[in-house]
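Enquirer: PDB, C-alpha atoms, pLDDT in the B column, file entry.pdb:
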ATOM      1  CA  GLN I 204      -2.231 -19.231  -1.757  1.00 84.00           C
ATOM      2  CA  VAL I 205      -1.330 -15.559  -1.708  1.00 87.00           C
ATOM      3  CA  HIS I 206       0.811 -14.452   1.193  1.00 92.00           C
ATOM      4  CA  VAL I 207       2.033 -10.921   1.869  1.00 95.00           C
ATOM      5  CA  VAL I 208       4.492  -9.792   4.516  1.00 96.00           C
ATOM      6  CA  GLU I 209       4.966  -6.150   5.390  1.00 98.00           C
ATOM      7  CA  SER I 210       8.136  -4.727   6.890  1.00 98.00           C
ATOM      8  CA  GLY I 211       9.942  -1.455   7.407  1.00 98.00           C
ATOM      9  CA  GLY I 212       7.780   0.241   9.998  1.00 98.00           C
ATOM     10  CA  GLY I 213       9.205   2.045  12.986  1.00 98.00           C
ATOM     11  CA  SER I 214       9.195   5.229  15.010  1.00 98.00           C
ATOM     12  CA  VAL I 215      10.302   8.528  13.523  1.00 98.00           C
ATOM     13  CA  GLN I 216       9.987  12.191  14.283  1.00 98.00           C
ATOM     14  CA  ALA I 217       7.751  14.453  12.276  1.00 98.00           C
ATOM     15  CA  GLY I 218       9.370  15.349   8.992  1.00 98.00           C
ATOM     16  CA  GLY I 219      11.188  12.043   8.803  1.00 98.00           C
ATOM     17  CA  SER I 220      10.937   9.208   6.294  1.00 98.00           C
ATOM     18  CA  LEU I 221      10.281   5.498   6.269  1.00 98.00           C
ATOM     19  CA  ARG I 222      10.304   2.891   3.531  1.00 98.00           C
ATOM     20  CA  LEU I 223       7.813   0.061   3.798  1.00 98.00           C
ATOM     21  CA  SER I 224       8.132  -3.184   1.869  1.00 98.00           C
ATOM     22  CA  CYS I 225       5.522  -5.767   0.961  1.00 97.00           C
ATOM     23  CA  ALA I 226       6.899  -9.146  -0.064  1.00 96.00           C
ATOM     24  CA  VAL I 227       4.382 -11.167  -2.052  1.00 94.00           C
ATOM     25  CA  SER I 228       4.420 -14.932  -2.492  1.00 92.00           C
ATOM     26  CA  GLY I 229       2.021 -17.258  -4.269  1.00 88.00           C
ATOM     27  CA  TYR I 230       1.029 -14.473  -6.629  1.00 81.00           C
ATOM     28  CA  THR I 231       2.869 -13.050  -9.622  1.00 82.00           C
ATOM     29  CA  LEU I 232       2.734  -9.284  -9.940  1.00 86.00           C
ATOM     30  CA  ARG I 233       1.368  -9.346 -13.473  1.00 90.00           C
ATOM     31  CA  SER I 234      -1.832  -7.486 -14.322  1.00 93.00           C
ATOM     32  CA  ALA I 235      -2.195  -7.039 -10.591  1.00 93.00           C
ATOM     33  CA  CYS I 236      -3.375  -4.298  -8.296  1.00 96.00           C
ATOM     34  CA  MET I 237      -1.341  -3.865  -5.135  1.00 96.00           C
ATOM     35  CA  GLY I 238      -2.237  -1.432  -2.423  1.00 97.00           C
ATOM     36  CA  TRP I 239      -1.169  -0.011   0.896  1.00 98.00           C
ATOM     37  CA  PHE I 240      -3.725   0.708   3.573  1.00 98.00           C
ATOM     38  CA  ARG I 241      -3.570   1.931   7.147  1.00 98.00           C
ATOM     39  CA  ARG I 242      -5.599   1.871  10.313  1.00 98.00           C
ATOM     40  CA  ALA I 243      -5.034   4.469  12.970  1.00 97.00           C
ATOM     41  CA  PRO I 244      -6.179   3.875  16.561  1.00 92.00           C
ATOM     42  CA  GLY I 245      -9.912   4.383  16.839  1.00 94.00           C
ATOM     43  CA  LYS I 246     -10.354   4.873  13.107  1.00 96.00           C
ATOM     44  CA  GLN I 247     -11.439   2.748  10.187  1.00 96.00           C
ATOM     45  CA  ARG I 248      -8.963   1.326   7.742  1.00 96.00           C
ATOM     46  CA  GLU I 249      -8.287   3.651   4.831  1.00 97.00           C
ATOM     47  CA  GLY I 250      -6.561   3.347   1.501  1.00 97.00           C
ATOM     48  CA  VAL I 251      -3.223   5.076   1.121  1.00 98.00           C
ATOM     49  CA  ALA I 252      -1.857   4.177  -2.309  1.00 98.00           C
ATOM     50  CA  SER I 253      -2.157   1.563  -5.019  1.00 98.00           C
ATOM     51  CA  ILE I 254      -0.356   0.542  -8.158  1.00 97.00           C
ATOM     52  CA  TYR I 255      -1.203  -1.326 -11.347  1.00 97.00           C
ATOM     53  CA  THR I 256       1.757  -3.591 -11.952  1.00 95.00           C
ATOM     54  CA  ASP I 257       1.524  -3.757 -15.759  1.00 96.00           C
ATOM     55  CA  ASP I 258       2.250  -0.069 -16.321  1.00 95.00           C
ATOM     56  CA  ASP I 259       3.032   1.394 -12.865  1.00 96.00           C
ATOM     57  CA  THR I 260      -0.079   3.577 -12.837  1.00 98.00           C
ATOM     58  CA  THR I 261      -0.423   4.828  -9.275  1.00 98.00           C
ATOM     59  CA  TYR I 262      -3.193   6.213  -7.125  1.00 98.00           C
ATOM     60  CA  TYR I 263      -2.964   8.085  -3.827  1.00 98.00           C
ATOM     61  CA  ALA I 264      -5.190   9.289  -1.059  1.00 98.00           C
ATOM     62  CA  ASP I 265      -5.323  13.076  -0.926  1.00 98.00           C
ATOM     63  CA  SER I 266      -3.766  13.050   2.529  1.00 97.00           C
ATOM     64  CA  VAL I 267      -0.528  11.480   1.286  1.00 98.00           C
ATOM     65  CA  ARG I 268      -0.231  12.670  -2.300  1.00 98.00           C
ATOM     66  CA  GLY I 269       3.102  14.395  -2.839  1.00 98.00           C
ATOM     67  CA  ARG I 270       4.634  12.792   0.247  1.00 98.00           C
ATOM     68  CA  PHE I 271       4.258   9.046  -0.360  1.00 98.00           C
ATOM     69  CA  THR I 272       5.376   7.059  -3.383  1.00 98.00           C
ATOM     70  CA  ILE I 273       4.300   3.512  -4.217  1.00 98.00           C
ATOM     71  CA  SER I 274       6.446   1.428  -6.540  1.00 98.00           C
ATOM     72  CA  GLN I 275       7.203  -2.170  -7.371  1.00 96.00           C
ATOM     73  CA  ASP I 276      10.299  -4.291  -7.646  1.00 94.00           C
ATOM     74  CA  ALA I 277       9.083  -6.942 -10.050  1.00 88.00           C
ATOM     75  CA  ALA I 278      12.274  -8.970  -9.777  1.00 90.00           C
ATOM     76  CA  LYS I 279      11.689  -9.353  -6.038  1.00 90.00           C
ATOM     77  CA  ASN I 280       7.881  -9.560  -6.256  1.00 92.00           C
ATOM     78  CA  THR I 281       7.805  -6.669  -3.811  1.00 96.00           C
ATOM     79  CA  VAL I 282       5.836  -3.465  -3.509  1.00 97.00           C
ATOM     80  CA  ILE I 283       7.407  -0.465  -1.821  1.00 98.00           C
ATOM     81  CA  LEU I 284       5.871   2.529  -0.062  1.00 98.00           C
ATOM     82  CA  GLN I 285       8.311   5.391   0.376  1.00 98.00           C
ATOM     83  CA  MET I 286       6.960   7.808   2.959  1.00 98.00           C
ATOM     84  CA  ASN I 287       8.490  11.265   3.293  1.00 98.00           C
ATOM     85  CA  ASN I 288       7.676  14.293   5.400  1.00 98.00           C
ATOM     86  CA  LEU I 289       5.761  12.175   7.867  1.00 98.00           C
ATOM     87  CA  ASN I 290       3.472  13.768  10.403  1.00 97.00           C
ATOM     88  CA  ALA I 291       1.635  12.572  13.490  1.00 96.00           C
ATOM     89  CA  GLU I 292      -1.532  11.893  11.474  1.00 97.00           C
ATOM     90  CA  ASP I 293       0.378   9.200   9.583  1.00 98.00           C
ATOM     91  CA  THR I 294       0.695   7.119  12.751  1.00 98.00           C
ATOM     92  CA  ALA I 295      -1.060   3.826  12.047  1.00 98.00           C
ATOM     93  CA  MET I 296      -0.675   0.150  11.317  1.00 98.00           C
ATOM     94  CA  TYR I 297       0.110  -0.172   7.631  1.00 98.00           C
ATOM     95  CA  TYR I 298      -1.088  -3.120   5.592  1.00 98.00           C
ATOM     96  CA  CYS I 299      -0.441  -4.436   2.130  1.00 96.00           C
ATOM     97  CA  ALA I 300      -3.147  -6.113   0.075  1.00 96.00           C
ATOM     98  CA  THR I 301      -4.047  -7.230  -3.434  1.00 93.00           C
ATOM     99  CA  VAL I 302      -7.049  -7.342  -5.695  1.00 89.00           C
ATOM    100  CA  PRO I 303      -7.627 -11.106  -5.866  1.00 84.00           C
ATOM    101  CA  TRP I 304      -7.864 -11.357  -9.646  1.00 87.00           C
ATOM    102  CA  MET I 305      -5.971 -10.183 -12.684  1.00 91.00           C
ATOM    103  CA  VAL I 306      -7.185  -6.908 -14.112  1.00 92.00           C
ATOM    104  CA  ALA I 307      -6.979  -5.538 -17.641  1.00 93.00           C
ATOM    105  CA  ASP I 308      -7.270  -1.863 -16.798  1.00 94.00           C
ATOM    106  CA  ALA I 309      -5.447   0.262 -14.252  1.00 95.00           C
ATOM    107  CA  ALA I 310      -8.715   1.908 -13.281  1.00 94.00           C
ATOM    108  CA  TYR I 311      -9.642  -1.213 -11.313  1.00 94.00           C
ATOM    109  CA  CYS I 312      -6.730  -0.453  -8.981  1.00 96.00           C
ATOM    110  CA  SER I 313      -7.923   3.056  -8.135  1.00 94.00           C
ATOM    111  CA  GLY I 314      -9.474   4.418  -4.982  1.00 93.00           C
ATOM    112  CA  GLY I 315     -12.987   3.557  -6.086  1.00 93.00           C
ATOM    113  CA  TYR I 316     -12.030  -0.110  -5.933  1.00 93.00           C
ATOM    114  CA  TRP I 317     -10.025  -0.066  -2.712  1.00 95.00           C
ATOM    115  CA  ASN I 318     -12.826  -1.987  -1.031  1.00 94.00           C
ATOM    116  CA  THR I 319     -12.103  -4.988  -3.289  1.00 93.00           C
ATOM    117  CA  TYR I 320      -8.591  -5.520  -1.957  1.00 94.00           C
ATOM    118  CA  THR I 321      -7.940  -8.625   0.089  1.00 92.00           C
ATOM    119  CA  ASN I 322      -5.119 -11.019   1.064  1.00 89.00           C
ATOM    120  CA  TRP I 323      -4.099  -8.826   3.972  1.00 91.00           C
ATOM    121  CA  GLY I 324      -0.766  -9.134   5.709  1.00 90.00           C
ATOM    122  CA  GLN I 325      -0.116  -8.768   9.430  1.00 95.00           C
ATOM    123  CA  GLY I 326       0.841  -5.142   9.077  1.00 97.00           C
ATOM    124  CA  THR I 327       3.756  -2.997  10.150  1.00 98.00           C
ATOM    125  CA  GLN I 328       3.462  -0.222  12.714  1.00 98.00           C
ATOM    126  CA  VAL I 329       4.411   3.348  11.865  1.00 98.00           C
ATOM    127  CA  THR I 330       4.626   5.845  14.715  1.00 98.00           C
ATOM    128  CA  VAL I 331       5.393   9.512  14.103  1.00 98.00           C
ATOM    129  CA  SER I 332       6.131  11.781  17.030  1.00 97.00           C
ATOM    130  CA  SER I 333       5.638  15.510  16.789  1.00 89.00           C
TER     131      SER I 333
END
Could you show the structure in this file as structure tokens?

Expert:
Amino acid sequence: QVHVVESGGGSVQAGGSLRLSCAVSGYTLRSACMGWFRRAPGKQREGVASIYTDDDTTYYADSVRGRFTISQDAAKNTVILQMNNLNAEDTAMYYCATVPWMVADAAYCSGGYWNTYTNWGQGTQVTVSS
């Protein structure tokens, strides 16, 4: 059974940085899509970034492109979200999730498929003060 655990959230001032980690168990990061999502108070969950683990192809929401970087540490079966230049609009609960099957093409990890992600963790809270 796939299990993901997010960590690294916290409170920072605008312009600051945080590094989120997603530890994955029960699932090998091979031919896998891993993604980060967030839900702000009163808003629907939205995709933030995703990565295809076979070739590190990445995808980003327009709101975070250039500020956030998703990467993987295959040796640790972990996916990282480095968040820089944070602003108040980034305040949200951040979740990690996977596409629940192996994929042969990075395109299946992209934003058009973010609604297929599942195996959600408990989330980690990010709060940015202006």

Enquirer: Between I:Tyr255, I:Trp304, I:Tyr311, I:Tyr298, which residue has the minimum interatomic distance to I:Gly211, considering all atoms listed in the file?

Expert: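 The closest residue to I:Gly211 is I:Tyr298.
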
Enquirer: Given the file shown, determine the residues that the PyMOL selection byres ((chain I and resi 299) around 12) selects; report them as a PyMOL selection string.

Expert: chain I and resi 205-210+223-227+236-242+248-254+273+281-284+296-298+300-302+317+320-327

Enquirer: Given the file shown, determine the residues that the PyMOL selection byres ((chain I and resi 271) around 10) selects; report them as a PyMOL selection string.

Expert: chain I and resi 220-222+251-252+263-264+266-270+272-273+284-289

Enquirer: Can you work out the spacing between atom CA of I:Gly212 and atom CA of I:Gln328 in Å, to one decimal?

Expert: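 Computing it gives 5.1 Å between the two atoms.
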
Enquirer: Determine the axis-aligned bounding box of all atoms of stretch 233-252 of chain I present in the file, pad each side by 4 Å, and express its centre and edge lengths in Å to one decimal place as lines of an AutoDock Vina configuration file.

Expert:
center_x = -5.0
center_y = -2.1
center_z = 1.3
size_x = 20.8
size_y = 22.4
size_z = 39.2

Enquirer: Take atom CA of I:Gly314 and atom CA of I:Tyr262 and report the distance between them in Å, one decimal.

Expert: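 Separation of atom CA of I:Gly314 and atom CA of I:Tyr262: 6.9 Å.
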
Enquirer: At what distance in Å, to one decimal, does atom CA of I:Asp276 lie from atom CA of I:Ala217?

Expert: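 It comes out at 27.5 Å.
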
Enquirer: Give as a compact mmCIF listing (two decimals) with C-alpha atoms, keeping the file's coordinate frame the set of residues within 9 Å of the point (9.6, -14.1, -6.4), where distances use the file's coordinates and all atoms listed in the file.

Expert:
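Contents of selection28.txt, as written:
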# COMPACT_ATOMS: atom_id res chain seq x y z
CA ALA I 226 6.90 -9.15 -0.06
CA VAL I 227 4.38 -11.17 -2.05
CA SER I 228 4.42 -14.93 -2.49
CA GLY I 229 2.02 -17.26 -4.27
CA TYR I 230 1.03 -14.47 -6.63
CA THR I 231 2.87 -13.05 -9.62
CA ALA I 277 9.08 -6.94 -10.05
CA ALA I 278 12.27 -8.97 -9.78
CA LYS I 279 11.69 -9.35 -6.04
CA ASN I 280 7.88 -9.56 -6.26
CA THR I 281 7.80 -6.67 -3.81

Enquirer: Excluding I:Val215 and residues on its chain fewer than 5 positions from it, collect all residues at most 10 Å away from it, counting only C-alpha atoms, and give them as a short mmCIF file (atom, residue, chain, number, x, y, z; two decimals) with C-alpha atoms, in the coordinates of the input.

Expert:
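Result file result-v9.cif:
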data_model
loop_
_atom_site.label_atom_id
_atom_site.label_comp_id
_atom_site.auth_asym_id
_atom_site.auth_seq_id
_atom_site.Cartn_x
_atom_site.Cartn_y
_atom_site.Cartn_z
CA SER I 220 10.94 9.21 6.29
CA LEU I 221 10.28 5.50 6.27
CA LEU I 289 5.76 12.18 7.87
CA ASN I 290 3.47 13.77 10.40
CA ALA I 291 1.64 12.57 13.49
CA THR I 294 0.70 7.12 12.75
CA VAL I 329 4.41 3.35 11.86
CA THR I 330 4.63 5.84 14.72
CA VAL I 331 5.39 9.51 14.10
CA SER I 332 6.13 11.78 17.03
CA SER I 333 5.64 15.51 16.79
#

Enquirer: Give me the residues near I:Asp257 as a VMD selection string, where near means some atom within 8 Å (using all atoms listed in the file) and where sequence neighbours in that chain fewer than 2 positions away do not count.

Expert: chain I and resid 233 to 235 255 259

Enquirer: Can I get the selection written as a PDB file, in the frame of the given file, with C-alpha atoms?

Expert:
ATOM      1  CA  ARG I 233       1.368  -9.346 -13.473  1.00 90.00           C
ATOM      2  CA  SER I 234      -1.832  -7.486 -14.322  1.00 93.00           C
ATOM      3  CA  ALA I 235      -2.195  -7.039 -10.591  1.00 93.00           C
ATOM      4  CA  TYR I 255      -1.203  -1.326 -11.347  1.00 97.00           C
ATOM      5  CA  ASP I 259       3.032   1.394 -12.865  1.00 96.00           C
TER       6      ASP I 259
END

Enquirer: May I ask which of the residues I:Ser274, I:Gly245, I:Thr256, I:Pro303 is the closest one to I:Thr319, counting all atoms listed in the file?

Expert: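 Under the stated criterion, the closest residue is I:Pro303.
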
Enquirer: Mind completing stretch 290-319 of chain I with N, CA and C atoms? Output as an mmCIF file, in the frame of the given file, please?

Expert:
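out-v4.cif written:
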data_model
loop_
_atom_site.group_PDB
_atom_site.id
_atom_site.type_symbol
_atom_site.label_atom_id
_atom_site.label_comp_id
_atom_site.auth_asym_id
_atom_site.auth_seq_id
_atom_site.Cartn_x
_atom_site.Cartn_y
_atom_site.Cartn_z
ATOM 1 N N ASN I 290 4.023 12.986 9.306
ATOM 2 C CA ASN I 290 3.472 13.768 10.403
ATOM 3 C C ASN I 290 2.695 12.853 11.344
ATOM 4 N N ALA I 291 2.267 13.391 12.457
ATOM 5 C CA ALA I 291 1.635 12.572 13.490
ATOM 6 C C ALA I 291 0.376 11.879 12.976
ATOM 7 N N GLU I 292 -0.311 12.488 12.027
ATOM 8 C CA GLU I 292 -1.532 11.893 11.474
ATOM 9 C C GLU I 292 -1.254 10.643 10.645
ATOM 10 N N ASP I 293 0.010 10.401 10.330
ATOM 11 C CA ASP I 293 0.378 9.200 9.583
ATOM 12 C C ASP I 293 0.586 8.001 10.507
ATOM 13 N N THR I 294 0.533 8.215 11.798
ATOM 14 C CA THR I 294 0.695 7.119 12.751
ATOM 15 C C THR I 294 -0.427 6.111 12.584
ATOM 16 N N ALA I 295 -0.068 4.861 12.318
ATOM 17 C CA ALA I 295 -1.060 3.826 12.047
ATOM 18 C C ALA I 295 -0.354 2.493 11.835
ATOM 19 N N MET I 296 -1.161 1.437 11.795
ATOM 20 C CA MET I 296 -0.675 0.150 11.317
ATOM 21 C C MET I 296 -0.885 0.151 9.812
ATOM 22 N N TYR I 297 0.164 -0.180 9.086
ATOM 23 C CA TYR I 297 0.110 -0.172 7.631
ATOM 24 C C TYR I 297 0.043 -1.600 7.103
ATOM 25 N N TYR I 298 -0.861 -1.800 6.151
ATOM 26 C CA TYR I 298 -1.088 -3.120 5.592
ATOM 27 C C TYR I 298 -0.945 -3.096 4.077
ATOM 28 N N CYS I 299 -0.520 -4.225 3.567
ATOM 29 C CA CYS I 299 -0.441 -4.436 2.130
ATOM 30 C C CYS I 299 -1.551 -5.403 1.729
ATOM 31 N N ALA I 300 -2.083 -5.228 0.531
ATOM 32 C CA ALA I 300 -3.147 -6.113 0.075
ATOM 33 C C ALA I 300 -3.191 -6.127 -1.450
ATOM 34 N N THR I 301 -3.914 -7.088 -1.987
ATOM 35 C CA THR I 301 -4.047 -7.230 -3.434
ATOM 36 C C THR I 301 -5.505 -7.299 -3.842
ATOM 37 N N VAL I 302 -5.771 -6.976 -5.088
ATOM 38 C CA VAL I 302 -7.049 -7.342 -5.695
ATOM 39 C C VAL I 302 -6.904 -8.798 -6.099
ATOM 40 N N PRO I 303 -7.840 -9.663 -5.712
ATOM 41 C CA PRO I 303 -7.627 -11.106 -5.866
ATOM 42 C C PRO I 303 -7.897 -11.664 -7.252
ATOM 43 N N TRP I 304 -7.749 -10.848 -8.285
ATOM 44 C CA TRP I 304 -7.864 -11.357 -9.646
ATOM 45 C C TRP I 304 -7.034 -10.460 -10.553
ATOM 46 N N MET I 305 -6.701 -10.970 -11.710
ATOM 47 C CA MET I 305 -5.971 -10.183 -12.684
ATOM 48 C C MET I 305 -6.911 -9.138 -13.269
ATOM 49 N N VAL I 306 -6.365 -7.973 -13.548
ATOM 50 C CA VAL I 306 -7.185 -6.908 -14.112
ATOM 51 C C VAL I 306 -6.572 -6.427 -15.417
ATOM 52 N N ALA I 307 -7.438 -5.965 -16.322
ATOM 53 C CA ALA I 307 -6.979 -5.538 -17.641
ATOM 54 C C ALA I 307 -6.860 -4.025 -17.757
ATOM 55 N N ASP I 308 -7.261 -3.313 -16.728
ATOM 56 C CA ASP I 308 -7.270 -1.863 -16.798
ATOM 57 C C ASP I 308 -6.846 -1.302 -15.446
ATOM 58 N N ALA I 309 -5.956 -0.330 -15.490
ATOM 59 C CA ALA I 309 -5.447 0.262 -14.252
ATOM 60 C C ALA I 309 -6.546 0.873 -13.395
ATOM 61 N N ALA I 310 -7.635 1.270 -14.029
ATOM 62 C CA ALA I 310 -8.715 1.908 -13.281
ATOM 63 C C ALA I 310 -9.243 1.026 -12.162
ATOM 64 N N TYR I 311 -9.146 -0.299 -12.339
ATOM 65 C CA TYR I 311 -9.642 -1.213 -11.313
ATOM 66 C C TYR I 311 -8.755 -1.220 -10.067
ATOM 67 N N CYS I 312 -7.624 -0.553 -10.132
ATOM 68 C CA CYS I 312 -6.730 -0.453 -8.981
ATOM 69 C C CYS I 312 -6.972 0.834 -8.192
ATOM 70 N N SER I 313 -7.789 1.719 -8.703
ATOM 71 C CA SER I 313 -7.923 3.056 -8.135
ATOM 72 C C SER I 313 -8.739 3.066 -6.852
ATOM 73 N N GLY I 314 -8.825 4.264 -6.281
ATOM 74 C CA GLY I 314 -9.474 4.418 -4.982
ATOM 75 C C GLY I 314 -10.908 3.924 -4.946
ATOM 76 N N GLY I 315 -11.614 4.028 -6.056
ATOM 77 C CA GLY I 315 -12.987 3.557 -6.086
ATOM 78 C C GLY I 315 -13.117 2.058 -5.895
ATOM 79 N N TYR I 316 -12.017 1.347 -6.056
ATOM 80 C CA TYR I 316 -12.030 -0.110 -5.933
ATOM 81 C C TYR I 316 -11.231 -0.582 -4.729
ATOM 82 N N TRP I 317 -10.827 0.341 -3.868
ATOM 83 C CA TRP I 317 -10.025 -0.066 -2.712
ATOM 84 C C TRP I 317 -10.775 -1.022 -1.784
ATOM 85 N N ASN I 318 -12.087 -1.051 -1.875
ATOM 86 C CA ASN I 318 -12.826 -1.987 -1.031
ATOM 87 C C ASN I 318 -12.798 -3.413 -1.562
ATOM 88 N N THR I 319 -12.194 -3.637 -2.735
ATOM 89 C CA THR I 319 -12.103 -4.988 -3.289
ATOM 90 C C THR I 319 -10.800 -5.685 -2.905
#
